[in-house]
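Here the structure comes first, spelled out in structure tokens, and everything after it is commentary.
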Amino acid sequence: MYAWVGLWTSGFLLTAACTNLAGLIRYCTRFTEEVFNSFLGSTYIWAACGSLYGQLRVAALATAAGAAGAGLASGSALLSLVLAGLTLGLCQASSDLSTSRYFTERARSFVADFGPACSVALVSMFSASRVVRLLADVPRLALPTGAITMGRPLLVPLFVLPLRYRLLAALPAVFLSILFFLDQNITVRTVNSPVNKLLPRPTYHLDLFILGLLTAATSLCGLPWMCAATVESINHVRSMTVYKKPAQTEDLVSPAELDERELADLRMMFDSLDEGKKGSISSDKLVSLLRSRSLLEGELLTTAEAARQAAGVLQRFDQSGDGKLQFPEFVSLCVASAKGEQVMPNPKLDNDDETNDDVEISVVETRLSGFLVHAMVLGTLSCVSSLRVVPIAVVNGVFLYLGRKVMQGNQFLQRLRALAVPLPLDLDTKSPAERSILVLGRDAALTFTGLQLACLATLWALKLTPGLGMVFPAAIGALMFMRAQLLPRVFTRRQLGVIDTPIWNIRRTEEEAAASLATAKNATAVQNQEP
């Protein structure tokens with residue numbers, strides 16, 4: 001039955017790849033990504049906390065019942081908490097070292113990449129030391145000592161299953177295909193985000209086709225299915241990313257050419273607003289213009305002040321009634337704002353996904369690192385018995401670290417926390433999540449965040465309800481439908497442009513990536529020709 005479900009899934013995936021259904025992933029915006037990653041991260045944390053809580057509960061019940069081994073159970077549970085916290089702390093410290101000022105850049109990068117693995121080894125050796133074993137012992141990974149055989153040939157005897165069950169296997173395969181389709185493409189969508197500045201074209205359809213072939217092969221052999229590893233893929237891109245400190249420069253328009261450039265740029269922005277393209281307005285340029293205008297008045301505005309006034313101009317435009325604000329009024333609003341007449345305290349600087357002080361400049365793109373990582377995973381089969389020394393508490397600590405890692409940079413969770421801040425002046429304008437609250441106002445941000453929270457709660461309700469877990473993948477697909485059909489009816493285009501990412505045009509994205517690749521090759525050729 002397992003093999004037939006996998007074969008049906010493989011057929012559905014191959015059909016989706018050959019019919020270019022991967023293009024539907026363009027509806028997967030930050031709205032869907034944030035809910036999916038929040039669910040993924042909370043699943044890691046839930047599994048770790050559930051395991052640790054289970055040990056504490058057993059120890060508490062044993063103590064309450066006056067069992068003979070209650071003291072040992074309590075010591076084991078407390079030691080598990082210590083080992084899990086120690087593992088979490090070491091993994092997090094090694095990851096944070098990459099942005100510190102200590103040691104050389106190469107040493108920091110090495111520790112950040114291999115720190116979690118070293119942390120697992122160090123804490124496992126510490127737990128196996130004589131001193132710790134005198135205090136208490138903890139449950140460890142249960143692994144086989146030799147090869148395991150199920151007493152069957154390599155290929156599954158497919159036709160032993162009656163025909164009606166072969167056909168019924170298509171039903172769970174539909175939901176499994178949806179899960180594979182979304183997990184695979186959301187991961188590729190995240191990796192190929194414009195923030196990462198990858199040069200090769202994203203091959204959504206080819207990746208899905210290969211996944212279908214792998215699903216068929218593993219099903220025929222009765223082996224576990226595989227899919228894109230979201231957490232590992234994101235961490236791999238981060239490990240291959242090169243960062244640098246941003247240059248402290250001022251982007252101001254020269255006062256000598258202010259009038260012509262200001263009017264031309266304001267006209268372009270006004271036309272974009274008037275045509276309903278509010279998500280495409282360049283807030284950075286408007287901020288720069290307002291700061292430059294204030295220079296003529298004898299006092300230079302700060303970036304935050306100019307951004308606050310720019311947001312006020314945009315809100316006044318929204319409130320003008322069907323966007324019928326005339327161009328002279330729009331110009332007068334900008335000039336009035338530049339003179340210091342604040343319209344609303346809503347700063348909007350940009351919409352970057354990263355809040356780190358370091359700026360990503362490139363990603364080292366190579367297949368060698370991925371090949372070596374998976375080759376090392378295969379090599380662990382030769383020493384799998386030595387993994388029995390690893391405590392389960394250490395694995396729980398790694399799960400806690402991975403869950404927190406996935407949630408880093410998640411604007412939905414940051415915004416959920418920032419909504420508890422009562423005063424707008426206490427919000428951090430450097431954080432994109434908190435900045436979106438200032439720009440759009442608390443009501444709009446609360447509505448958008450509430451919808452995401454409701455979607456996350458629905459996913460967890462489906463996961464925890466017996467009998468409904470099979471329809472869980474369809475609920476993830478419903479998130480993209482909500483983004484495409486529901487959210488545009490609730491929010492304006494400018495609001496979605498601030499708090500969410502636009503719906504992708506994959507064909508255009510591939511063309512832009514190909515153009516970037518050609519530009520990079522031309523630049524390399526020119527550089528090689530220079531003496």
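Each chain in the structure tokens gets a letter, A, B and so on, in the order shown; residues start at 1 in every chain, and ligands are counted from 1 in the order they appear.
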
Check which residues of segment 172-240 of chain A sit at most 10 Å from segment 26-44 of chain A using only C-alpha atoms, and return one row each with the closest pair of atoms and their distance in Å to one decimal, ordered by chain and rising number, as a tab-separated table.
residue	atom	partner	partner_atom	distance
A:Leu182	CA	A:Cys28	CA	9.3
A:Asp183	CA	A:Phe36	CA	9.2
A:Asn185	CA	A:Cys28	CA	9.1
A:Ile186	CA	A:Glu33	CA	7.2
A:Thr187	CA	A:Glu33	CA	9.1
A:Arg189	CA	A:Cys28	CA	8.0
A:Thr190	CA	A:Glu33	CA	7.8
A:Thr230	CA	A:Asn37	CA	8.7
A:Val231	CA	A:Leu40	CA	8.7

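Proximity ranking of A:Ala107, A:Leu487, A:Leu413, A:Val471 relative to Leu456 of chain A places A:Leu413 first, based on only C-alpha atoms.
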
Between atom CA of Ser74 of chain A and atom CA of Gln55 of chain A, measure the distance and give it in Å to one decimal.
->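 Those two atoms sit 8.4 Å apart.
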
In Å, rounded to a single decimal, give me how far atom CA of Asn196 of chain A is from atom CA of Leu21 of chain A.
-> 24.2 Å

Which of these residues is nearest to Ser94 of chain A, using only C-alpha atoms: A:Gly379, A:Trp8, A:Tyr401, A:Val138?
->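 The answer is A:Tyr401, which sits nearest to Ser94 of chain A.
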
Step one, run DSSP on the backbone; step two, keep only residues of segment 46-230 of chain A assigned to alpha helix (DSSP H); then write them as a ChimeraX atom specification.
-> /A:46-65,70-96,105-127,130-135,163-168,170-191,204-221,230

Show which residues sit within 10 Å of Pro116 of chain A, as number ranges by chain. Count only C-alpha atoms, and ignore same-chain residues fewer than 4 positions away.
-> A: 87-95, 111-112, 120-122, 398, 401-402

Deliver the residues from the most recent selection as a file, using N, CA and C atoms, as a short mmCIF file (atom, residue, chain, number, x, y, z; two decimals), in the first residue's frame.
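This is the output file part.cif:
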data_model
loop_
_atom_site.label_atom_id
_atom_site.label_comp_id
_atom_site.auth_asym_id
_atom_site.auth_seq_id
_atom_site.Cartn_x
_atom_site.Cartn_y
_atom_site.Cartn_z
N THR A 87 23.13 22.52 25.06
CA THR A 87 23.24 22.36 23.60
C THR A 87 22.68 23.56 22.87
N LEU A 88 21.51 24.03 23.31
CA LEU A 88 20.91 25.21 22.69
C LEU A 88 21.83 26.42 22.83
N GLY A 89 22.40 26.62 24.01
CA GLY A 89 23.28 27.77 24.23
C GLY A 89 24.53 27.72 23.38
N LEU A 90 25.17 26.55 23.26
CA LEU A 90 26.38 26.44 22.46
C LEU A 90 26.09 26.63 20.97
N CYS A 91 24.99 26.05 20.50
CA CYS A 91 24.63 26.22 19.09
C CYS A 91 24.35 27.68 18.77
N GLN A 92 23.65 28.36 19.65
CA GLN A 92 23.32 29.76 19.42
C GLN A 92 24.56 30.63 19.52
N ALA A 93 25.46 30.32 20.46
CA ALA A 93 26.69 31.10 20.60
C ALA A 93 27.58 30.95 19.38
N SER A 94 27.68 29.74 18.84
CA SER A 94 28.51 29.54 17.64
C SER A 94 27.92 30.25 16.44
N SER A 95 26.58 30.31 16.36
CA SER A 95 25.95 31.01 15.26
C SER A 95 26.14 32.52 15.38
N VAL A 111 33.44 28.50 12.69
CA VAL A 111 32.70 28.17 13.90
C VAL A 111 31.20 28.27 13.65
N ALA A 112 30.78 29.27 12.88
CA ALA A 112 29.35 29.41 12.61
C ALA A 112 28.82 28.25 11.78
N VAL A 120 27.05 19.36 19.54
CA VAL A 120 26.47 18.04 19.79
C VAL A 120 27.54 17.08 20.29
N ALA A 121 28.72 17.10 19.65
CA ALA A 121 29.80 16.20 20.07
C ALA A 121 30.30 16.53 21.47
N LEU A 122 30.47 17.82 21.77
CA LEU A 122 31.00 18.21 23.09
C LEU A 122 30.02 17.86 24.21
N VAL A 398 19.05 20.59 19.91
CA VAL A 398 19.23 20.95 18.51
C VAL A 398 17.89 21.35 17.89
N TYR A 401 17.09 24.81 18.87
CA TYR A 401 17.93 25.75 18.10
C TYR A 401 17.40 25.91 16.68
N LEU A 402 17.02 24.80 16.05
CA LEU A 402 16.50 24.87 14.68
C LEU A 402 15.17 25.62 14.64
#

Can you list, as an NGL selection string, every protein, DNA or RNA residue that comes within 9 Å of Gly11 of chain A when you count only C-alpha atoms, leaving out same-chain residues fewer than 3 positions away?
-> :A and (6-8 or 14-16 or 212-213 or 216)

Between atom CA of Val395 of chain A and atom CA of Ala48 of chain A, distance in Å (one decimal) |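 According to the coordinates, atom CA of Val395 of chain A and atom CA of Ala48 of chain A are separated by 8.0 Å.
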
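By chain and then residue number, the residues within 8 Å of Arg166 of chain A are Met1, Trp4 and Leu161 of chain A, counting only C-alpha atoms and disregarding those fewer than 5 positions away in sequence.
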